[in-house]
Structures are given as structure tokens and as C-alpha cells.
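For reference, the structure is listed below as C-alpha cells.
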Amino acid sequence: MTVVDRRIQRTRKTLHEALMALVLEGPYDTITVQQILDRANIGRSTFYTHFQDKDELLMWGTQHLRATLSAARQERDASPERIIYCSRAMFDHADSYRKIYRALVNSAVWPHVRQRIQNILAELIRRECETVKRSQRSKSKLPLELFVHYLAATLMTVMTWWVDHKNSLSAQEIDQVYRVLVLPSIRSAFA
């Protein structure tokens with residue numbers, strides 16, 4: 001079973017890498033499944049065994065993002081700021097794949113990618129909000145889901161702006177900008 005799982009993962013990874021290489025060469029919207037197959041040197045039936053279309057393949061690539069962002073969590077931090085622990089890791093990730101993000105931001109698929117990433121961020125932020133709320137016995141009337149959505153959407157807005165605009169801000173600097181925007185709200189919500 002492990003051998004099959006590794007083979008499946010390797011095939012999916014090869015297909016995803018082929019798609020990412022093509023994204024860097026031209027508009028996402030013009031890429032065909034056949035181009036992906038040619039680049040990956042994989043047959044059509046193998047592709048369709050794993051993915052319905054190129055959009056599903058693109059979204060598959062976001063699965064490692066959840067693990068990357070989760071790994072940034074520090075258990076010892078008990079402050080309300082821990083809620084956005086994943087922000088720096090998100091900016092580091094976007095910086096590492098900046099050319100790909102920039103290519104996708106200007107494509108028709110970006111709203112779907114953005115929503116997928118935002119959902120991942122919301123899941124992580126929600127978990128931390130619940131932990132902080134319990135540990136501080138917060139009696140805040142602020143609807144938790146609204147607050148989670150606000151923090152995740154703001155992070156995606158800042159990240160999208162940063163990736164799409166040519167500027168000299170580093171991942172660390174844009175993370176500080178994001179924190180300046182949201183930390184007053186976090187402190188207020190859990191005061």
C-alpha cells in the first residue's frame with residue numbers, strides 16, 4: 001500500500017510541477033491538459049485517474065500549504081497574537097512562489113485559488129481563536145465566524161496586493177504591515 005501511495009503522490013507531484021512550469025511560461029487560462037501531459041510525460045488516462053481537470057490539479061497543490069502553515073505554530077505562545085501565527089509563514093510561502101502567485105492573481109482561476117487558501121487560513125485562525133477564547137475565558141460578543149473571516153480575508157487581501165504590486169517589501173515587512181492592521185482588533189476582541 002505504501003508503494004502505491006508513493007507512486008500516486010509522485011505522479012500527482014509530477015503533474016503539478018508540470019502545471020506550475022507552464023504557468024510561468026504563459027497565461028493559466030490558455031494551458032491545456034495535453035500540454036501538462038506532454039510536460040510531465042504522463043498519459044491522458046493516468047491524468048484523469050487522479051484529476052478531473054487542470055483546475056482540480058491546481059487546487060491539489062494547496063494541500064501542502066496547510067501543513068506548511070500549521071508547522072509555524074508555537075504551542076507555548078499564550079497571547080492573543082497567536083491567532084495569526086501563520087501569517088508570516090503565509091507571506092514566506094507567497095514570496096517563495098511569487099512568480100506563480102503573480103501569474104495566478106491575474107487569471108480567471110484566482111478567485112477559486114484565493115478562496116481555497118482563505119479557507120485554509122480561516123481553519124487555522126478559527127482553531128487558535130477558540131483556544132485563546134477558552135484560555136482567557138473571553139466573554140466577547142463578537143461573532144467568532146465573522147472575526148475569523150475578517151482576519152483570513154484581510155491576510156489574503158494584503159498578500160494579493162503584495163504579490164500583484166511590484167514593491168520592495170520583504171515577507172517580514174509585509175507581515176508587519178498585516179499585523180499593524182489586525183492586531184488592534186485582536187487585542188480588542190480578547191480584552
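In the C-alpha cells, chains take letters A, B, ... by order of appearance, with residues numbered from 1 within each chain and ligands from 1 in the order shown.
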Once you count only C-alpha atoms, what closest atom pair and distance in Å to one decimal does each residue of stretch 49-99 of chain A within 9 Å of stretch 9-18 of chain A have, with rows by chain and rising residue number, as CSV?
```
residue,atom,partner,partner_atom,distance
A:His50,CA,A:Arg12,CA,7.2
A:Phe51,CA,A:Arg12,CA,8.7
A:Leu57,CA,A:His16,CA,6.4
A:Leu58,CA,A:His16,CA,6.8
A:Trp60,CA,A:His16,CA,8.0
A:Gly61,CA,A:His16,CA,6.7
```
(request) Could you give me, as a ChimeraX atom specification, each residue of stretch 39-91 of chain A that DSSP assigns to helix (DSSP H, G or I) when run on this structure's backbone? (result) /A:39-40,44-50,54-60,63-70,80-84,87-91
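Taking atom CA of A:Tyr101 as the reference point, atom CA of A:His149 is found at 21.4 Å.
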(request) Have a look at A:Tyr97, A:Tyr178, A:Tyr150, A:Phe190 and name the one nearest to A:Tyr85; count only C-alpha atoms. (result) A:Tyr178
(request) Considering only C-alpha atoms, state which residue in the set A:Ala189, A:Ala21, A:Leu183, A:Leu151 is at the smallest distance from A:Ala122. (result) A:Leu151
